[in-house]
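Contents: one structure, followed by commentary.
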Amino acid sequence: MIPRAQHDRMANAIRALAMDAVEQAKSGHPGLPMGAADVATVLFTRFLKFDPADLAWPDRDRFVLSAGHGSMLIYALLHLLGSEAVTLDEIRRFRQLGSKTPGHPENFITPGVETTTGPLGQGLANAVGMAIAERHLAALFGGGIVDHRTYVLASDGDLMEGISQEAIALAGHLKLNKLIVLFDDNGISIDGPLSLSDSVDQVKRFEAAGWAATRIDGHDPEAIANAIQKAQGGDRPALIACRTTIGFGAPSKAGTEKCHGSPLGADEIKGARDKLGWPEPAFAIPADVRDMWRGAGLAGKAAHQAWNERLKSMPGAHRAEFARRIGGELPKDKLAAAVRSVKANLAATPKEIATRIASESALEALTAAMPEMIGGSADLTGSNNTRAKGMTALSASDYGGRFIHYGVREHGMAAAMNGMALHGGIIPYSGTFLVFTDYCRPAIRLAALMGLRVIHVMTHDSIGLGEDGPTHQPVEHLAALRAIPNLRVFRPCDTVETVECWQLALESAEAPSVLALTRQNLPQLRLGHDESNRCAAGAYEIVPAEKAADVSLFATGSEVSIAVEARKFLRGRGVQARVVSVPCFELFRALPAAERQEVIGTAKVNVAVEAAVRQGWDEIIGSDGAFVGMTTFGASAPYRELYKHFGITPEKIAEAALGKLGKPQMGKP
Ligand SMILES: Cc1ncc(C[n+]2csc(CCOP(=O)(O)OP(=O)(O)O)c2C)c(N)n1
């Protein structure tokens, strides 16, 4: 037990650093770190298993600051515990360009930050993914090597966001008993008291989702410690609602929204120093407090050492596999062999099937070669074709399963996938309909920002899904996804491209991928056997012109075969056309300019075809190129009729090209 006076000094060090850093930056959020300082101090000094000298130790407990606006809490903790990266200088440079202390925590900037947070609710849902990853890897590698907890500090805002419901329902269902959420229950948000907008009983809400839940005084160290201890022994995830005062210690602003998101001001800070009994000048930490925090930081060393010993005594092959998986290293030879065998089969027996089915058969080979692939679907397993035959469900009674039934929870699913990727040892992939990327988008965006290898299998990718109609037919989604930096959007045109795109997505160690796949059957266009991955260029000539091309036809996915038909029409009119398949804009953009130019070619006329909006295509076809696609929402009908209705046909493509060439139109003299 830590004496109360000692605890208070340790917690006040966090409060002081938070006040001072926000004041210096002239912006930031002092209220949360000051209010949650007691909770964080108890957690970090008495419970959290970690080693400041090796913040990436695979068996460390994870701490997720879901309320990312309270970033000074984690920076103060890291600094006080002796992190090499978060020096006092970095605390002074809070929120400045190039500092290790950005406005919101960024996992790729600050060692010790487990995930980028800021958009409320995401961190909590990431933590669910981390806790799933822990249970799964423990089932495979044993509790001697994988045995850690995931702690979350969540705010009112986190719990008001809809994603939190998806996350807690999934965690409760899967009985993730090593997940502990500390709720900073301060009853204040930006607009003022929570009573303005919310009257949920969070304890009852979590209990209803299958959690253990309790309410305590978040400024009483022993109550906090007792609650955490109890939660650790439970058979289900635990919520500890910690009643706190936002801005604890600030004489006039504590307990009000005034200290949520702006500097306290010199007078208020002076008053807080008096009230807390903290006479030190700004940024000064007395030696005794520094020593106590450093001491807490050293406590994890022994556990880390013992873990190293256990790792050493593991059978060699098992140990190597664990290291490979945690290191995110692909089994290159096995992956290459799996891709080669699928392509060889397709060369021998071409298939006219939907790309979602092609994806399923690719997955049979890929998931067999790569045990780190954990699949799933948001209740569309049979439509997304994401479950390979041998895959059993991951469940509370079998964490070793490899397929997750996420339920109808697209947003929670995408964020949990991020958490699994962040945890390490897993490559998560999962599916829903492409149109519902809207429901996943905030998490996909964060995956792109963090550079995570997660793979979204998004089927039913256009009006080609037919009768379900415009609510289900994506029109603007490809453009919207392509607008996200560092996201790879793949739209393969046939079975061969599908397996190639899968390979590229798996090899994409620092960027998430979306595979946009069809519901409807497509002819196989790539008939020979290519050793190389032609999709790696992002775009390539799939059917050349017979002579110098007058027209270049660019298309993706299901529209490539339509462009190939259009090429024949044009030939009938004495016009030479080539067809370029563009499975991935982002990879194409990454080519050297000369190579890109070679693929774009020098034909007089460029035409792009995609059953979606034009936005984004001008970078390939130029603003004077012709576009055949969608300008409105779709409609409900059999898909062949829809293609005719919206004019995405070989004839219309040929007409567009002829129009640009100044030649008479099809069917006209
Ligand atoms: C998705 C999302 N919406 C809005 C915001 C802006 N925002 C930051 S904090 C906050 C709410 C603050 O209340 P609370 O979560 O209780 O934090 P506290 O005031 O206790 O620090 C809001 C709306 C955000 N960060 N993320």
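Chains: A, B, ... in order of the structure tokens. Residues: from 1 per chain. Ligands: from 1, in order shown.
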
Considering only C-alpha atoms, return as number ranges by chain whatever protein or nucleic-acid residues lie within 9 Å of Glu476 (chain A), sequence-local ones (same chain, fewer than 5 positions apart) excluded. A: 435, 481, 612-615, 630, 633

Grab the residues selected above and save them as an mmCIF file, in the first residue's frame with all heavy atoms.
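Output (part.cif):
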```
data_model
loop_
_atom_site.group_PDB
_atom_site.id
_atom_site.type_symbol
_atom_site.label_atom_id
_atom_site.label_comp_id
_atom_site.auth_asym_id
_atom_site.auth_seq_id
_atom_site.Cartn_x
_atom_site.Cartn_y
_atom_site.Cartn_z
ATOM 1 N N VAL A 435 -21.085 -0.444 -49.486
ATOM 2 C CA VAL A 435 -21.850 0.756 -49.145
ATOM 3 C C VAL A 435 -21.737 1.065 -47.646
ATOM 4 O O VAL A 435 -21.803 2.222 -47.229
ATOM 5 C CB VAL A 435 -23.319 0.597 -49.600
ATOM 6 C CG1 VAL A 435 -24.113 -0.253 -48.622
ATOM 7 C CG2 VAL A 435 -23.994 1.917 -49.841
ATOM 8 N N LEU A 481 -13.327 6.596 -50.493
ATOM 9 C CA LEU A 481 -12.253 5.811 -49.875
ATOM 10 C C LEU A 481 -10.897 6.192 -50.474
ATOM 11 O O LEU A 481 -9.899 6.288 -49.767
ATOM 12 C CB LEU A 481 -12.521 4.315 -50.055
ATOM 13 C CG LEU A 481 -13.706 3.777 -49.243
ATOM 14 C CD1 LEU A 481 -14.106 2.392 -49.719
ATOM 15 C CD2 LEU A 481 -13.392 3.751 -47.746
ATOM 16 N N ALA A 612 -19.481 4.070 -60.936
ATOM 17 C CA ALA A 612 -19.377 4.919 -59.747
ATOM 18 C C ALA A 612 -19.185 6.345 -60.257
ATOM 19 O O ALA A 612 -19.183 6.575 -61.470
ATOM 20 C CB ALA A 612 -18.183 4.488 -58.911
ATOM 21 N N VAL A 613 -19.011 7.298 -59.343
ATOM 22 C CA VAL A 613 -18.859 8.687 -59.788
ATOM 23 C C VAL A 613 -17.470 8.934 -60.376
ATOM 24 O O VAL A 613 -16.532 8.192 -60.118
ATOM 25 C CB VAL A 613 -19.126 9.700 -58.646
ATOM 26 C CG1 VAL A 613 -20.566 9.591 -58.155
ATOM 27 C CG2 VAL A 613 -18.125 9.520 -57.508
ATOM 28 N N ARG A 614 -17.358 10.003 -61.140
ATOM 29 C CA ARG A 614 -16.121 10.298 -61.860
ATOM 30 C C ARG A 614 -14.979 10.761 -60.939
ATOM 31 O O ARG A 614 -13.798 10.578 -61.254
ATOM 32 C CB ARG A 614 -16.405 11.393 -62.899
ATOM 33 C CG ARG A 614 -15.142 11.858 -63.615
ATOM 34 C CD ARG A 614 -15.451 12.787 -64.782
ATOM 35 N NE ARG A 614 -14.216 13.167 -65.459
ATOM 36 C CZ ARG A 614 -14.110 13.395 -66.756
ATOM 37 N NH1 ARG A 614 -15.175 13.309 -67.535
ATOM 38 N NH2 ARG A 614 -12.948 13.728 -67.290
ATOM 39 N N GLN A 615 -15.362 11.359 -59.825
ATOM 40 C CA GLN A 615 -14.378 12.026 -58.970
ATOM 41 C C GLN A 615 -13.115 11.192 -58.779
ATOM 42 O O GLN A 615 -13.174 10.033 -58.396
ATOM 43 C CB GLN A 615 -15.010 12.317 -57.610
ATOM 44 C CG GLN A 615 -14.245 13.335 -56.812
ATOM 45 C CD GLN A 615 -15.014 13.756 -55.578
ATOM 46 O OE1 GLN A 615 -16.247 13.823 -55.599
ATOM 47 N NE2 GLN A 615 -14.317 14.026 -54.516
ATOM 48 N N MET A 630 -21.491 6.593 -63.193
ATOM 49 C CA MET A 630 -22.715 7.013 -62.528
ATOM 50 C C MET A 630 -22.659 8.500 -62.187
ATOM 51 O O MET A 630 -21.608 9.021 -61.819
ATOM 52 C CB MET A 630 -22.904 6.224 -61.225
ATOM 53 C CG MET A 630 -23.010 4.722 -61.385
ATOM 54 S SD MET A 630 -24.514 4.192 -62.236
ATOM 55 C CE MET A 630 -25.766 4.584 -61.007
ATOM 56 N N PHE A 633 -27.737 8.246 -57.898
ATOM 57 C CA PHE A 633 -27.876 6.981 -57.179
ATOM 58 C C PHE A 633 -28.374 5.920 -58.157
ATOM 59 O O PHE A 633 -28.865 6.238 -59.246
ATOM 60 C CB PHE A 633 -28.859 7.127 -56.021
ATOM 61 C CG PHE A 633 -28.340 8.010 -54.910
ATOM 62 C CD1 PHE A 633 -28.938 9.232 -54.632
ATOM 63 C CD2 PHE A 633 -27.243 7.619 -54.149
ATOM 64 C CE1 PHE A 633 -28.468 10.047 -53.609
ATOM 65 C CE2 PHE A 633 -26.755 8.422 -53.127
ATOM 66 C CZ PHE A 633 -27.365 9.640 -52.858
#
```

Could you pull out the residues sitting within 9 Å of ligand 1, using only C-alpha atoms and all ligand atoms, and write them as a ChimeraX atom specification? /A:29-33,35,67-70,117-122,154-161,184-192,194,245-247,256-257,259-261,442

When you look at region 265-269 of chain A with a cut-off of 12 Å (counting only C-alpha atoms), what residues show up, excluding the ones that are within fewer than 5 positions of it in the same chain? I need them as JSON, numbers by chain. {"A": [15, 16, 17, 18, 19, 20, 21, 22, 23, 24, 25, 26, 27, 30, 34, 247, 248, 249, 250, 251, 252, 253, 254, 258, 259, 274, 275, 276, 277, 278, 279, 280, 281, 282]}

N, CA, C and O atoms of the current selection, written as a compact mmCIF listing (two decimals), in the first residue's frame:
```txt
# COMPACT_ATOMS: atom_id res chain seq x y z
N ARG A 15 -0.99 16.40 -12.25
CA ARG A 15 -1.86 17.60 -12.36
C ARG A 15 -1.02 18.82 -12.73
O ARG A 15 -1.39 19.61 -13.61
N ALA A 16 0.12 18.97 -12.07
CA ALA A 16 0.94 20.16 -12.30
C ALA A 16 1.49 20.16 -13.73
O ALA A 16 1.43 21.19 -14.43
N LEU A 17 1.98 19.01 -14.18
CA LEU A 17 2.52 18.97 -15.55
C LEU A 17 1.42 19.28 -16.57
O LEU A 17 1.66 19.97 -17.57
N ALA A 18 0.22 18.76 -16.31
CA ALA A 18 -0.88 19.01 -17.25
C ALA A 18 -1.25 20.49 -17.28
O ALA A 18 -1.38 21.09 -18.36
N MET A 19 -1.35 21.10 -16.12
CA MET A 19 -1.69 22.55 -16.08
C MET A 19 -0.62 23.37 -16.79
O MET A 19 -0.91 24.25 -17.59
N ASP A 20 0.65 23.04 -16.47
CA ASP A 20 1.75 23.86 -16.99
C ASP A 20 1.91 23.70 -18.50
O ASP A 20 2.14 24.67 -19.22
N ALA A 21 1.79 22.46 -18.98
CA ALA A 21 1.99 22.22 -20.42
C ALA A 21 0.87 22.88 -21.23
O ALA A 21 1.11 23.48 -22.27
N VAL A 22 -0.36 22.78 -20.75
CA VAL A 22 -1.48 23.38 -21.47
C VAL A 22 -1.34 24.91 -21.45
O VAL A 22 -1.59 25.59 -22.46
N GLU A 23 -0.90 25.43 -20.33
CA GLU A 23 -0.72 26.88 -20.23
C GLU A 23 0.34 27.35 -21.22
O GLU A 23 0.16 28.34 -21.94
N GLN A 24 1.44 26.62 -21.26
CA GLN A 24 2.54 26.99 -22.15
C GLN A 24 2.11 26.91 -23.61
O GLN A 24 2.45 27.77 -24.42
N ALA A 25 1.37 25.85 -23.96
CA ALA A 25 0.93 25.67 -25.35
C ALA A 25 -0.19 26.64 -25.71
O ALA A 25 -0.55 26.79 -26.87
N LYS A 26 -0.77 27.24 -24.71
CA LYS A 26 -1.94 28.12 -24.86
C LYS A 26 -3.13 27.36 -25.45
O LYS A 26 -4.06 27.94 -25.99
N SER A 27 -3.08 26.04 -25.36
CA SER A 27 -4.24 25.24 -25.77
C SER A 27 -4.09 23.83 -25.22
O SER A 27 -2.97 23.40 -24.91
N PRO A 30 -6.71 20.51 -19.71
CA PRO A 30 -6.18 20.19 -18.38
C PRO A 30 -7.16 19.41 -17.50
O PRO A 30 -6.74 18.69 -16.59
N MET A 34 -6.23 16.25 -14.70
CA MET A 34 -6.29 16.63 -13.28
C MET A 34 -7.33 15.80 -12.53
O MET A 34 -7.11 15.37 -11.40
N GLY A 247 -10.83 18.69 -13.51
CA GLY A 247 -9.97 19.81 -13.09
C GLY A 247 -9.70 19.83 -11.60
O GLY A 247 -9.48 20.90 -11.02
N PHE A 248 -9.67 18.65 -10.97
CA PHE A 248 -9.50 18.55 -9.52
C PHE A 248 -8.34 19.45 -9.04
O PHE A 248 -7.23 19.34 -9.54
N GLY A 249 -8.64 20.31 -8.11
CA GLY A 249 -7.60 21.19 -7.56
C GLY A 249 -7.71 22.63 -8.04
O GLY A 249 -7.26 23.55 -7.37
N ALA A 250 -8.32 22.83 -9.20
CA ALA A 250 -8.46 24.21 -9.70
C ALA A 250 -9.52 24.92 -8.85
O ALA A 250 -10.64 24.44 -8.74
N PRO A 251 -9.16 26.05 -8.23
CA PRO A 251 -10.03 26.62 -7.19
C PRO A 251 -11.42 27.03 -7.67
O PRO A 251 -12.41 26.79 -6.99
N SER A 252 -11.52 27.65 -8.85
CA SER A 252 -12.86 28.09 -9.24
C SER A 252 -13.41 27.31 -10.44
O SER A 252 -14.60 27.29 -10.67
N LYS A 253 -12.52 26.66 -11.19
CA LYS A 253 -12.98 26.00 -12.42
C LYS A 253 -13.23 24.50 -12.25
O LYS A 253 -13.89 23.88 -13.10
N ALA A 254 -12.70 23.89 -11.20
CA ALA A 254 -12.91 22.44 -10.99
C ALA A 254 -14.40 22.14 -10.98
O ALA A 254 -15.21 22.95 -10.49
N LYS A 258 -15.42 24.69 -17.70
CA LYS A 258 -14.41 25.72 -17.97
C LYS A 258 -12.98 25.16 -17.98
O LYS A 258 -12.09 25.77 -18.54
N CYS A 259 -12.79 24.02 -17.34
CA CYS A 259 -11.42 23.47 -17.35
C CYS A 259 -11.30 22.29 -18.30
O CYS A 259 -10.27 21.63 -18.34
N ASP A 274 -1.72 26.25 -4.68
CA ASP A 274 -1.95 26.44 -3.24
C ASP A 274 -2.86 25.33 -2.71
O ASP A 274 -2.59 24.71 -1.69
N LYS A 275 -3.94 25.11 -3.43
CA LYS A 275 -4.94 24.14 -2.97
C LYS A 275 -4.36 22.71 -2.89
O LYS A 275 -4.68 21.95 -1.98
N LEU A 276 -3.54 22.38 -3.87
CA LEU A 276 -2.98 21.03 -3.91
C LEU A 276 -1.74 20.89 -3.02
O LEU A 276 -1.24 19.78 -2.81
N GLY A 277 -1.24 22.02 -2.54
CA GLY A 277 -0.01 21.96 -1.74
C GLY A 277 1.18 21.61 -2.62
O GLY A 277 1.98 20.73 -2.30
N TRP A 278 1.26 22.30 -3.72
CA TRP A 278 2.32 22.02 -4.71
C TRP A 278 3.02 23.35 -5.03
O TRP A 278 2.69 24.03 -5.99
N PRO A 279 3.99 23.69 -4.22
CA PRO A 279 4.60 25.02 -4.36
C PRO A 279 5.64 25.12 -5.48
O PRO A 279 6.16 26.21 -5.73
N GLU A 280 5.91 24.00 -6.15
CA GLU A 280 7.02 24.01 -7.13
C GLU A 280 6.73 24.96 -8.29
O GLU A 280 5.59 25.14 -8.69
N PRO A 281 7.81 25.52 -8.87
CA PRO A 281 7.61 26.34 -10.07
C PRO A 281 7.13 25.48 -11.24
O PRO A 281 7.17 24.24 -11.17
N ALA A 282 6.72 26.15 -12.32
CA ALA A 282 6.19 25.43 -13.48
C ALA A 282 7.20 24.38 -13.96
O ALA A 282 8.40 24.66 -14.03
```

What's around Asp618 (chain A) at 12 Å? Count only C-alpha atoms, leave out sequence neighbours fewer than 4 positions away in its own chain, and write the answer as a list in words. Ala479, Phe554, Phe585, Ile600, Asn606, Val607, Ala608, Val609, Val613, Arg614, Gly622, Ser623, Asp624, Gly625, Ala626 and Phe627 of chain A

At a cut-off of 6 Å, using only C-alpha atoms, what residues contact region 54-63 of chain A? Leave out same-chain residues fewer than 2 positions from it and give the result as a ChimeraX atom specification. /A:49-52,112,146,148-152

Per DSSP on the backbone, what are the alpha helix (DSSP H) residues of region 199-248 of chain A, as a PyMOL selection string? chain A and resi 202-208+221-232

Store the residues of this selection in a file with N, CA and C atoms, as a PDB file, in the first residue's frame.
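This is the output file out_30.pdb:
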```
ATOM      1  N   GLN A 202     -24.773   4.234 -16.565  1.00  0.00           N
ATOM      2  CA  GLN A 202     -23.743   3.444 -17.265  1.00  0.00           C
ATOM      3  C   GLN A 202     -23.511   2.095 -16.585  1.00  0.00           C
ATOM      4  N   VAL A 203     -23.643   2.055 -15.277  1.00  0.00           N
ATOM      5  CA  VAL A 203     -23.416   0.783 -14.590  1.00  0.00           C
ATOM      6  C   VAL A 203     -24.441  -0.247 -15.057  1.00  0.00           C
ATOM      7  N   LYS A 204     -25.693   0.179 -15.111  1.00  0.00           N
ATOM      8  CA  LYS A 204     -26.743  -0.756 -15.569  1.00  0.00           C
ATOM      9  C   LYS A 204     -26.547  -1.116 -17.039  1.00  0.00           C
ATOM     10  N   ARG A 205     -26.129  -0.112 -17.801  1.00  0.00           N
ATOM     11  CA  ARG A 205     -25.938  -0.358 -19.238  1.00  0.00           C
ATOM     12  C   ARG A 205     -24.858  -1.418 -19.468  1.00  0.00           C
ATOM     13  N   PHE A 206     -23.743  -1.291 -18.782  1.00  0.00           N
ATOM     14  CA  PHE A 206     -22.679  -2.270 -18.967  1.00  0.00           C
ATOM     15  C   PHE A 206     -23.119  -3.642 -18.434  1.00  0.00           C
ATOM     16  N   GLU A 207     -23.808  -3.632 -17.312  1.00  0.00           N
ATOM     17  CA  GLU A 207     -24.276  -4.918 -16.772  1.00  0.00           C
ATOM     18  C   GLU A 207     -25.174  -5.618 -17.781  1.00  0.00           C
ATOM     19  N   ALA A 208     -26.021  -4.821 -18.433  1.00  0.00           N
ATOM     20  CA  ALA A 208     -26.938  -5.416 -19.413  1.00  0.00           C
ATOM     21  C   ALA A 208     -26.179  -6.042 -20.579  1.00  0.00           C
ATOM     22  N   PRO A 221      -7.836   6.434  -3.337  1.00  0.00           N
ATOM     23  CA  PRO A 221      -6.899   5.445  -3.893  1.00  0.00           C
ATOM     24  C   PRO A 221      -7.236   4.014  -3.488  1.00  0.00           C
ATOM     25  N   GLU A 222      -7.678   3.826  -2.251  1.00  0.00           N
ATOM     26  CA  GLU A 222      -7.949   2.445  -1.830  1.00  0.00           C
ATOM     27  C   GLU A 222      -9.199   1.900  -2.515  1.00  0.00           C
ATOM     28  N   ALA A 223     -10.184   2.758  -2.694  1.00  0.00           N
ATOM     29  CA  ALA A 223     -11.389   2.299  -3.407  1.00  0.00           C
ATOM     30  C   ALA A 223     -11.033   1.928  -4.849  1.00  0.00           C
ATOM     31  N   ILE A 224     -10.171   2.739  -5.449  1.00  0.00           N
ATOM     32  CA  ILE A 224      -9.759   2.450  -6.841  1.00  0.00           C
ATOM     33  C   ILE A 224      -9.016   1.109  -6.879  1.00  0.00           C
ATOM     34  N   ALA A 225      -8.078   0.956  -5.952  1.00  0.00           N
ATOM     35  CA  ALA A 225      -7.271  -0.277  -5.935  1.00  0.00           C
ATOM     36  C   ALA A 225      -8.156  -1.504  -5.689  1.00  0.00           C
ATOM     37  N   ASN A 226      -9.074  -1.380  -4.743  1.00  0.00           N
ATOM     38  CA  ASN A 226      -9.947  -2.534  -4.458  1.00  0.00           C
ATOM     39  C   ASN A 226     -10.782  -2.909  -5.670  1.00  0.00           C
ATOM     40  N   ALA A 227     -11.286  -1.887  -6.350  1.00  0.00           N
ATOM     41  CA  ALA A 227     -12.142  -2.167  -7.517  1.00  0.00           C
ATOM     42  C   ALA A 227     -11.337  -2.834  -8.628  1.00  0.00           C
ATOM     43  N   ILE A 228     -10.115  -2.364  -8.842  1.00  0.00           N
ATOM     44  CA  ILE A 228      -9.299  -2.972  -9.910  1.00  0.00           C
ATOM     45  C   ILE A 228      -8.977  -4.416  -9.537  1.00  0.00           C
ATOM     46  N   GLN A 229      -8.630  -4.604  -8.265  1.00  0.00           N
ATOM     47  CA  GLN A 229      -8.307  -5.959  -7.829  1.00  0.00           C
ATOM     48  C   GLN A 229      -9.480  -6.910  -8.057  1.00  0.00           C
ATOM     49  N   LYS A 230     -10.658  -6.445  -7.723  1.00  0.00           N
ATOM     50  CA  LYS A 230     -11.848  -7.275  -7.885  1.00  0.00           C
ATOM     51  C   LYS A 230     -12.086  -7.557  -9.375  1.00  0.00           C
ATOM     52  N   ALA A 231     -11.923  -6.520 -10.171  1.00  0.00           N
ATOM     53  CA  ALA A 231     -12.150  -6.677 -11.611  1.00  0.00           C
ATOM     54  C   ALA A 231     -11.187  -7.694 -12.205  1.00  0.00           C
ATOM     55  N   GLN A 232      -9.971  -7.718 -11.671  1.00  0.00           N
ATOM     56  CA  GLN A 232      -8.967  -8.649 -12.213  1.00  0.00           C
ATOM     57  C   GLN A 232      -9.355 -10.101 -12.006  1.00  0.00           C
TER      58      GLN A 232
END
```

For Met450 (chain A), list every protein, DNA or RNA residue within 12 Å, evaluated using only C-alpha atoms, and leave out those in the same chain fewer than 3 positions away; present the list as number ranges by chain. A: 105-110, 113-117, 418-419, 421-422, 443-447, 453-454, 485-487, 509-512

Kindly provide the residues of region 430-507 of chain A that approach region 374-379 of chain A to within 12 Å, each paired with its closest atom pair and their distance in Å to one decimal, based on only C-alpha atoms, listed by chain and increasing number, as a Markdown table.
```
| residue | atom | partner | partner_atom | distance |
| --- | --- | --- | --- | --- |
| A:Ser430 | CA | A:Gly376 | CA | 4.4 |
| A:Gly431 | CA | A:Ser377 | CA | 4.5 |
| A:Thr432 | CA | A:Ala378 | CA | 5.7 |
| A:Phe433 | CA | A:Ala378 | CA | 9.1 |
| A:Leu434 | CA | A:Ala378 | CA | 11.9 |
| A:Phe436 | CA | A:Ala378 | CA | 10.1 |
| A:Thr437 | CA | A:Ala378 | CA | 11.4 |
| A:Tyr439 | CA | A:Ala378 | CA | 11.0 |
| A:Cys440 | CA | A:Ala378 | CA | 10.7 |
| A:Val454 | CA | A:Ile374 | CA | 10.2 |
| A:Ile455 | CA | A:Gly375 | CA | 9.4 |
| A:His456 | CA | A:Ser377 | CA | 9.5 |
| A:Val457 | CA | A:Ser377 | CA | 8.7 |
| A:Met458 | CA | A:Ser377 | CA | 9.8 |
| A:Thr459 | CA | A:Ser377 | CA | 10.9 |
```

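Across A:Leu587, A:Leu517, A:Ala365, A:Ala656, the tightest approach to Leu478 (chain A) is made by A:Leu517 when counting only C-alpha atoms.
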
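As for CA of Ser636 (chain A) and CA of Asp461 (chain A), they are spaced 14.6 Å apart.
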
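With CA of Glu497 (chain A) on one side and CA of Gly469 (chain A) on the other, the separation reads 27.0 Å.
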
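Minimum atom-to-atom distance to His411 (chain A), evaluated using only C-alpha atoms, belongs to A:Glu166 out of A:Ile353, A:Pro111, A:Glu166, A:Thr214.
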
Contacts of Ala40 (chain A) at 10 Å or less, counting only C-alpha atoms, minus same-chain residues fewer than 6 places along, as an MDAnalysis selection string? chainID A and resid 11 14 33 46 48 73:74 77 153 182 218 221 224

Distance CA of Ala299 (chain A)-CA of Ala37 (chain A), one decimal place? 19.6 Å
